[in-house]
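Data from target-v3.cif: mmCIF, C-alpha atoms and all ligand atoms
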data_protein
loop_
_atom_site.group_PDB
_atom_site.id
_atom_site.type_symbol
_atom_site.label_atom_id
_atom_site.label_comp_id
_atom_site.auth_asym_id
_atom_site.auth_seq_id
_atom_site.Cartn_x
_atom_site.Cartn_y
_atom_site.Cartn_z
ATOM 1 C CA MET A 1 0.000 0.000 0.000
ATOM 2 C CA ASN A 2 1.351 3.343 -1.026
ATOM 3 C CA ARG A 3 1.273 6.194 1.517
ATOM 4 C CA ASN A 4 0.178 8.569 -1.253
ATOM 5 C CA GLU A 5 -3.043 6.603 -1.714
ATOM 6 C CA ILE A 6 -3.920 7.331 1.923
ATOM 7 C CA VAL A 7 -3.011 11.017 1.653
ATOM 8 C CA GLU A 8 -5.563 11.401 -1.155
ATOM 9 C CA CYS A 9 -8.410 9.668 0.721
ATOM 10 C CA GLU A 10 -11.776 11.434 0.965
ATOM 11 C CA GLU A 11 -13.747 8.460 2.228
ATOM 12 C CA CYS A 12 -15.312 10.079 5.307
ATOM 13 C CA GLU A 13 -16.165 13.542 6.577
ATOM 14 C CA LEU A 14 -12.987 13.848 8.669
ATOM 15 C CA THR A 15 -11.193 14.829 5.500
ATOM 16 C CA GLU A 16 -13.208 18.073 5.446
ATOM 17 C CA THR A 17 -11.678 19.441 8.651
ATOM 18 C CA CYS A 18 -8.153 18.010 8.753
ATOM 19 C CA ARG A 19 -5.222 19.387 6.789
ATOM 20 C CA MET A 20 -4.605 16.000 5.170
ATOM 21 C CA PRO A 21 -4.735 12.296 6.066
ATOM 22 C CA VAL A 22 -1.635 11.114 7.941
ATOM 23 C CA PRO A 23 -0.459 7.715 6.697
ATOM 24 C CA TYR A 24 1.360 5.028 8.684
ATOM 25 C CA ALA A 25 5.089 5.372 9.361
ATOM 26 C CA GLY A 26 7.875 2.897 9.847
ATOM 27 C CA ARG A 27 8.166 0.061 7.387
ATOM 28 C CA ASN A 28 5.040 -1.375 5.853
ATOM 29 C CA GLU A 29 6.346 -4.933 5.856
ATOM 30 C CA LEU A 30 7.112 -5.052 9.582
ATOM 31 C CA ASN A 31 4.766 -7.299 11.520
ATOM 32 C CA VAL A 32 5.081 -5.367 14.783
ATOM 33 C CA PHE A 33 2.313 -2.778 14.980
ATOM 34 C CA ILE A 34 1.786 0.240 17.212
ATOM 35 C CA ILE A 35 -1.763 1.544 16.869
ATOM 36 C CA GLY A 36 -2.924 4.839 18.332
ATOM 37 C CA GLU A 37 -6.194 6.710 18.029
ATOM 38 C CA ALA A 38 -5.808 9.605 15.589
ATOM 39 C CA PRO A 39 -3.375 12.300 14.511
ATOM 40 C CA GLY A 40 -3.189 15.352 16.753
ATOM 41 C CA ARG A 41 -2.431 18.950 15.817
ATOM 42 C CA GLU A 42 1.285 18.489 15.160
ATOM 43 C CA GLU A 43 0.770 15.275 13.226
ATOM 44 C CA ASP A 44 -1.857 17.025 11.112
ATOM 45 C CA GLU A 45 0.543 19.880 10.386
ATOM 46 C CA LYS A 46 3.531 17.672 9.583
ATOM 47 C CA GLY A 47 1.753 14.777 7.894
ATOM 48 C CA LYS A 48 3.499 12.218 10.128
ATOM 49 C CA PRO A 49 2.080 10.121 12.972
ATOM 50 C CA PHE A 50 3.390 10.289 16.551
ATOM 51 C CA VAL A 51 5.453 13.465 16.170
ATOM 52 C CA GLY A 52 3.533 15.522 18.758
ATOM 53 C CA GLU A 53 4.047 15.495 22.523
ATOM 54 C CA SER A 54 2.437 12.071 22.937
ATOM 55 C CA GLY A 55 4.547 10.608 20.161
ATOM 56 C CA LYS A 56 7.695 12.043 21.686
ATOM 57 C CA ALA A 57 6.781 10.488 25.048
ATOM 58 C CA LEU A 58 6.254 7.136 23.334
ATOM 59 C CA LYS A 59 9.511 7.362 21.417
ATOM 60 C CA LYS A 60 11.464 8.260 24.554
ATOM 61 C CA ALA A 61 9.961 5.478 26.668
ATOM 62 C CA ALA A 62 10.363 2.914 23.895
ATOM 63 C CA PHE A 63 13.989 3.933 23.406
ATOM 64 C CA LYS A 64 14.649 3.299 27.105
ATOM 65 C CA ALA A 65 13.111 -0.129 26.600
ATOM 66 C CA GLY A 66 15.454 -0.811 23.678
ATOM 67 C CA ILE A 67 12.916 -0.154 20.922
ATOM 68 C CA ASP A 68 13.348 2.258 18.034
ATOM 69 C CA ILE A 69 9.713 2.775 17.058
ATOM 70 C CA TRP A 70 10.588 4.280 13.667
ATOM 71 C CA LYS A 71 12.914 1.451 12.654
ATOM 72 C CA ASP A 72 11.393 -1.558 14.396
ATOM 73 C CA CYS A 73 7.651 -0.992 14.066
ATOM 74 C CA HIS A 74 4.754 -0.182 11.765
ATOM 75 C CA ILE A 75 3.197 2.890 13.409
ATOM 76 C CA THR A 76 -0.355 3.771 12.577
ATOM 77 C CA ASN A 77 -3.646 5.180 13.874
ATOM 78 C CA MET A 78 -7.248 4.009 13.971
ATOM 79 C CA VAL A 79 -8.196 6.988 11.810
ATOM 80 C CA LYS A 80 -5.741 8.796 9.557
ATOM 81 C CA CYS A 81 -7.377 12.236 9.761
ATOM 82 C CA ARG A 82 -7.358 14.523 12.782
ATOM 83 C CA PRO A 83 -10.861 14.841 14.270
ATOM 84 C CA PRO A 84 -11.902 18.463 14.885
ATOM 85 C CA GLY A 85 -10.662 19.695 18.257
ATOM 86 C CA ASN A 86 -8.995 16.307 18.863
ATOM 87 C CA ARG A 87 -12.339 14.742 19.725
ATOM 88 C CA THR A 88 -12.650 10.966 19.856
ATOM 89 C CA PRO A 89 -13.332 9.490 16.404
ATOM 90 C CA GLU A 90 -16.933 8.402 15.894
ATOM 91 C CA LYS A 91 -17.943 4.832 15.113
ATOM 92 C CA GLY A 92 -18.681 5.577 11.482
ATOM 93 C CA GLU A 93 -15.285 7.216 11.033
ATOM 94 C CA LEU A 94 -13.496 4.330 12.721
ATOM 95 C CA SER A 95 -15.365 1.871 10.563
ATOM 96 C CA ALA A 96 -14.690 3.807 7.343
ATOM 97 C CA CYS A 97 -10.969 4.104 8.012
ATOM 98 C CA PHE A 98 -10.637 0.468 9.039
ATOM 99 C CA SER A 99 -12.405 -0.699 5.891
ATOM 100 C CA LYS A 100 -10.399 1.580 3.672
ATOM 101 C CA TRP A 101 -6.904 1.419 5.229
ATOM 102 C CA LEU A 102 -6.212 -0.232 8.566
ATOM 103 C CA GLY A 103 -7.733 -3.531 7.479
ATOM 104 C CA ARG A 104 -5.439 -3.492 4.459
ATOM 105 C CA GLU A 105 -2.454 -2.705 6.660
ATOM 106 C CA PHE A 106 -3.269 -5.846 8.652
ATOM 107 C CA VAL A 107 -3.625 -7.968 5.524
ATOM 108 C CA GLU A 108 -0.451 -6.685 3.885
ATOM 109 C CA SER A 109 1.794 -6.677 6.956
ATOM 110 C CA ASN A 110 0.370 -9.695 8.796
ATOM 111 C CA PRO A 111 1.140 -8.398 12.307
ATOM 112 C CA LYS A 112 2.184 -10.887 14.974
ATOM 113 C CA HIS A 113 2.472 -8.351 17.801
ATOM 114 C CA ALA A 114 0.224 -5.308 18.142
ATOM 115 C CA LEU A 115 0.532 -2.632 20.820
ATOM 116 C CA LEU A 116 -2.750 -0.752 21.242
ATOM 117 C CA LEU A 117 -2.491 2.723 22.746
ATOM 118 C CA GLY A 118 -5.639 3.994 24.412
ATOM 119 C CA LYS A 119 -9.130 2.627 24.741
ATOM 120 C CA THR A 120 -10.408 3.707 21.319
ATOM 121 C CA ALA A 121 -8.004 1.269 19.655
ATOM 122 C CA ALA A 122 -8.690 -1.511 22.174
ATOM 123 C CA GLU A 123 -12.471 -1.158 22.202
ATOM 124 C CA THR A 124 -12.671 -0.995 18.418
ATOM 125 C CA LEU A 125 -10.297 -3.832 17.555
ATOM 126 C CA LEU A 126 -11.057 -6.105 20.526
ATOM 127 C CA PRO A 127 -14.706 -5.308 21.332
ATOM 128 C CA PHE A 128 -15.467 -8.646 23.025
ATOM 129 C CA THR A 129 -12.582 -8.565 25.466
ATOM 130 C CA SER A 130 -11.702 -6.510 28.501
ATOM 131 C CA ILE A 131 -8.040 -5.697 28.321
ATOM 132 C CA GLY A 132 -6.523 -3.146 30.686
ATOM 133 C CA HIS A 133 -3.268 -1.213 30.925
ATOM 134 C CA GLY A 134 -0.400 -3.694 30.811
ATOM 135 C CA GLY A 135 -2.707 -6.474 29.646
ATOM 136 C CA LYS A 136 -2.100 -8.845 26.768
ATOM 137 C CA LEU A 137 -3.888 -11.635 24.995
ATOM 138 C CA LYS A 138 -3.417 -13.849 21.960
ATOM 139 C CA LEU A 139 -6.232 -13.729 19.440
ATOM 140 C CA LYS A 140 -6.408 -14.618 15.745
ATOM 141 C CA GLY A 141 -2.664 -15.254 15.554
ATOM 142 C CA ILE A 142 -1.771 -11.849 16.991
ATOM 143 C CA MET A 143 -0.310 -11.135 20.419
ATOM 144 C CA TRP A 144 -2.159 -8.009 21.496
ATOM 145 C CA TYR A 145 -0.795 -5.687 24.172
ATOM 146 C CA PHE A 146 -2.537 -2.694 25.655
ATOM 147 C CA LEU A 147 -1.261 0.499 27.288
ATOM 148 C CA TYR A 148 -2.905 3.771 28.171
ATOM 149 C CA HIS A 149 -2.418 6.368 25.470
ATOM 150 C CA PRO A 150 0.790 8.440 25.884
ATOM 151 C CA SER A 151 -1.335 11.585 26.298
ATOM 152 C CA TYR A 152 -2.523 9.983 29.555
ATOM 153 C CA TRP A 153 1.073 9.213 30.588
ATOM 154 C CA LEU A 154 1.824 12.927 30.277
ATOM 155 C CA ARG A 155 -1.217 13.872 32.348
ATOM 156 C CA ARG A 156 -0.251 11.382 35.054
ATOM 157 C CA GLY A 157 3.224 12.771 35.647
ATOM 158 C CA GLY A 158 5.463 12.275 32.651
ATOM 159 C CA ASP A 159 8.825 10.569 33.063
ATOM 160 C CA VAL A 160 8.434 9.583 36.684
ATOM 161 C CA TRP A 161 5.077 7.908 36.140
ATOM 162 C CA VAL A 162 6.230 6.287 32.896
ATOM 163 C CA GLU A 163 9.297 4.802 34.567
ATOM 164 C CA ASP A 164 7.172 2.806 37.001
ATOM 165 C CA ASN A 165 3.993 2.237 35.048
ATOM 166 C CA VAL A 166 4.932 1.909 31.385
ATOM 167 C CA LEU A 167 8.566 0.888 30.995
ATOM 168 C CA PRO A 168 8.182 -2.604 32.482
ATOM 169 C CA TYR A 169 5.437 -3.385 29.956
ATOM 170 C CA LEU A 170 7.311 -1.884 27.035
ATOM 171 C CA ARG A 171 10.366 -3.963 27.898
ATOM 172 C CA GLU A 172 8.250 -7.108 28.089
ATOM 173 C CA TRP A 173 6.614 -6.263 24.761
ATOM 174 C CA GLY A 174 9.939 -5.643 23.032
ATOM 175 C CA GLU A 175 11.470 -8.824 24.403
ATOM 176 C CA ALA A 176 8.498 -10.836 23.128
ATOM 177 C CA TRP A 177 8.808 -9.833 19.486
ATOM 178 C CA LYS A 178 12.583 -9.614 19.372
ATOM 179 C CA GLN A 179 12.659 -13.354 20.067
ATOM 180 C CA ARG A 180 10.651 -14.103 16.927
HETATM 181 S S1 LIG B 201 -10.280 9.202 8.386
HETATM 182 FE FE1 LIG B 201 -9.570 7.553 7.047
HETATM 183 S S2 LIG B 201 -11.344 7.010 5.784
HETATM 184 FE FE2 LIG B 201 -11.743 9.043 6.673
HETATM 185 S S3 LIG B 201 -10.993 10.467 5.070
HETATM 186 FE FE3 LIG B 201 -9.339 10.137 6.559
HETATM 187 S S4 LIG B 201 -8.102 8.511 5.638
HETATM 188 FE FE4 LIG B 201 -10.086 8.472 4.618
#
Show me the file's structure as structure tokens.
Ligand code: SF4
Amino acid sequence: MNRNEIVECEECELTETCRMPVPYAGRNELNVFIIGEAPGREEDEKGKPFVGESGKALKKAAFKAGIDIWKDCHITNMVKCRPPGNRTPEKGELSACFSKWLGREFVESNPKHALLLGKTAAETLLPFTSIGHGGKLKLKGIMWYFLYHPSYWLRRGGDVWVEDNVLPYLREWGEAWKQR
């Protein structure tokens, strides 16, 4: 799948208020996925996912856990367009973007490990399960992991909170797929 195809998408109404769709980053063929909710203001401006404050927090924590998210992972969002005012994407928007893009990302990259960031990703992709922060489960050939969204890490206390409450899980996650 070509990133330019995604950039030109006008499938749902989110395209009317965002600057442009923000495609996945990292390498398409990698079968380690990080899935967030939606681009924020900085991502919308730069056309790249996870480059705002939340993305920087993720990158920093992952680096401490021995993971280079840009080199080791396929980084993507549930919806590729920024919702107005950073609101939560609506069901129809989530469904449209999954049908058009995220579903294809799964088919083409065949993920074996997927880290879901925030409840929008978890509740949409795993609606029949209850998976909490630090939780994991194997389903349909994928090892799913779940963490609060990095925007929540920042609200809870930044580096200090992340050290105790995120890093152990990120290390475990990285060790799991590096053994593949
Ligand atoms: S959110 Fe997804 S489906 Fe909707 S316009 Fe953007 S890229 Fe297309």
Against region 144-153 of chain A, which residues of region 8-105 of chain A fall within 9 Å? For each one I want the closest pair of atoms and the distance in Å (one decimal), counting all atoms listed in the file, rows by chain and increasing residue number, as JSON lines.
{"residue": "A:Gly36", "atom": "CA", "partner": "A:His149", "partner_atom": "CA", "distance": 7.3}
{"residue": "A:Glu37", "atom": "CA", "partner": "A:His149", "partner_atom": "CA", "distance": 8.4}
{"residue": "A:Glu53", "atom": "CA", "partner": "A:Ser151", "partner_atom": "CA", "distance": 7.6}
{"residue": "A:Ser54", "atom": "CA", "partner": "A:Pro150", "partner_atom": "CA", "distance": 5.0}
{"residue": "A:Gly55", "atom": "CA", "partner": "A:Pro150", "partner_atom": "CA", "distance": 7.2}
{"residue": "A:Lys56", "atom": "CA", "partner": "A:Pro150", "partner_atom": "CA", "distance": 8.8}
{"residue": "A:Ala57", "atom": "CA", "partner": "A:Pro150", "partner_atom": "CA", "distance": 6.4}
{"residue": "A:Leu58", "atom": "CA", "partner": "A:Pro150", "partner_atom": "CA", "distance": 6.2}
Task: d(CA of Cys9 (chain A), CA of Val22 (chain A)) in Å - done: 10.0 Å
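What the PyMOL selection byres (((chain A and resi 40) around 8) and not hetatm) matches in the given file is Ala38, Pro39, Arg41, Glu42, Glu43, Asp44, Gly52, Arg82 and Asn86 of chain A.
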Contact residues around Arg3 (chain A) with all atoms listed in the file at 9 Å, ignoring same-chain residues under 6 positions, as a PDB file with C-alpha atoms, in the frame of the given file:
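This is the output file selection_25.pdb:
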ATOM      1  CA  VAL A  22      -1.635  11.114   7.941  1.00  0.00           C
ATOM      2  CA  PRO A  23      -0.459   7.715   6.697  1.00  0.00           C
ATOM      3  CA  TYR A  24       1.360   5.028   8.684  1.00  0.00           C
ATOM      4  CA  ALA A  25       5.089   5.372   9.361  1.00  0.00           C
TER       5      ALA A  25
END
- [ ] Kindly provide, as a ChimeraX atom specification, all nucleotide and amino acid residues lying within 12 Å of ligand LIG 201 (chain B), counting all atoms listed in the file.
- [x] /A:3-24,37-39,44,47,76-84,88-103
Open item on the list: Using the chain letters and numbers from this file, what does the PyMOL selection byres (((chain A and resi 69) around 12) and not hetatm) select? Give the answer as an MDAnalysis selection string.
Closed with: chainID A and resid 25:27 30 32:35 49:51 55:68 70:76 115 170 174
Selection from above, C-alpha atoms, as an mmCIF file, keeping the file's coordinate frame, can you write it?
data_model
loop_
_atom_site.group_PDB
_atom_site.id
_atom_site.type_symbol
_atom_site.label_atom_id
_atom_site.label_comp_id
_atom_site.auth_asym_id
_atom_site.auth_seq_id
_atom_site.Cartn_x
_atom_site.Cartn_y
_atom_site.Cartn_z
ATOM 1 C CA ALA A 25 5.089 5.372 9.361
ATOM 2 C CA GLY A 26 7.875 2.897 9.847
ATOM 3 C CA ARG A 27 8.166 0.061 7.387
ATOM 4 C CA LEU A 30 7.112 -5.052 9.582
ATOM 5 C CA VAL A 32 5.081 -5.367 14.783
ATOM 6 C CA PHE A 33 2.313 -2.778 14.980
ATOM 7 C CA ILE A 34 1.786 0.240 17.212
ATOM 8 C CA ILE A 35 -1.763 1.544 16.869
ATOM 9 C CA PRO A 49 2.080 10.121 12.972
ATOM 10 C CA PHE A 50 3.390 10.289 16.551
ATOM 11 C CA VAL A 51 5.453 13.465 16.170
ATOM 12 C CA GLY A 55 4.547 10.608 20.161
ATOM 13 C CA LYS A 56 7.695 12.043 21.686
ATOM 14 C CA ALA A 57 6.781 10.488 25.048
ATOM 15 C CA LEU A 58 6.254 7.136 23.334
ATOM 16 C CA LYS A 59 9.511 7.362 21.417
ATOM 17 C CA LYS A 60 11.464 8.260 24.554
ATOM 18 C CA ALA A 61 9.961 5.478 26.668
ATOM 19 C CA ALA A 62 10.363 2.914 23.895
ATOM 20 C CA PHE A 63 13.989 3.933 23.406
ATOM 21 C CA LYS A 64 14.649 3.299 27.105
ATOM 22 C CA ALA A 65 13.111 -0.129 26.600
ATOM 23 C CA GLY A 66 15.454 -0.811 23.678
ATOM 24 C CA ILE A 67 12.916 -0.154 20.922
ATOM 25 C CA ASP A 68 13.348 2.258 18.034
ATOM 26 C CA TRP A 70 10.588 4.280 13.667
ATOM 27 C CA LYS A 71 12.914 1.451 12.654
ATOM 28 C CA ASP A 72 11.393 -1.558 14.396
ATOM 29 C CA CYS A 73 7.651 -0.992 14.066
ATOM 30 C CA HIS A 74 4.754 -0.182 11.765
ATOM 31 C CA ILE A 75 3.197 2.890 13.409
ATOM 32 C CA THR A 76 -0.355 3.771 12.577
ATOM 33 C CA LEU A 115 0.532 -2.632 20.820
ATOM 34 C CA LEU A 170 7.311 -1.884 27.035
ATOM 35 C CA GLY A 174 9.939 -5.643 23.032
#
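Take the candidates A:Val107, A:Gly157, A:Asn31, A:Ala122 and check each one against Gly135 (chain A) using only C-alpha atoms; the shortest distance goes to A:Ala122.
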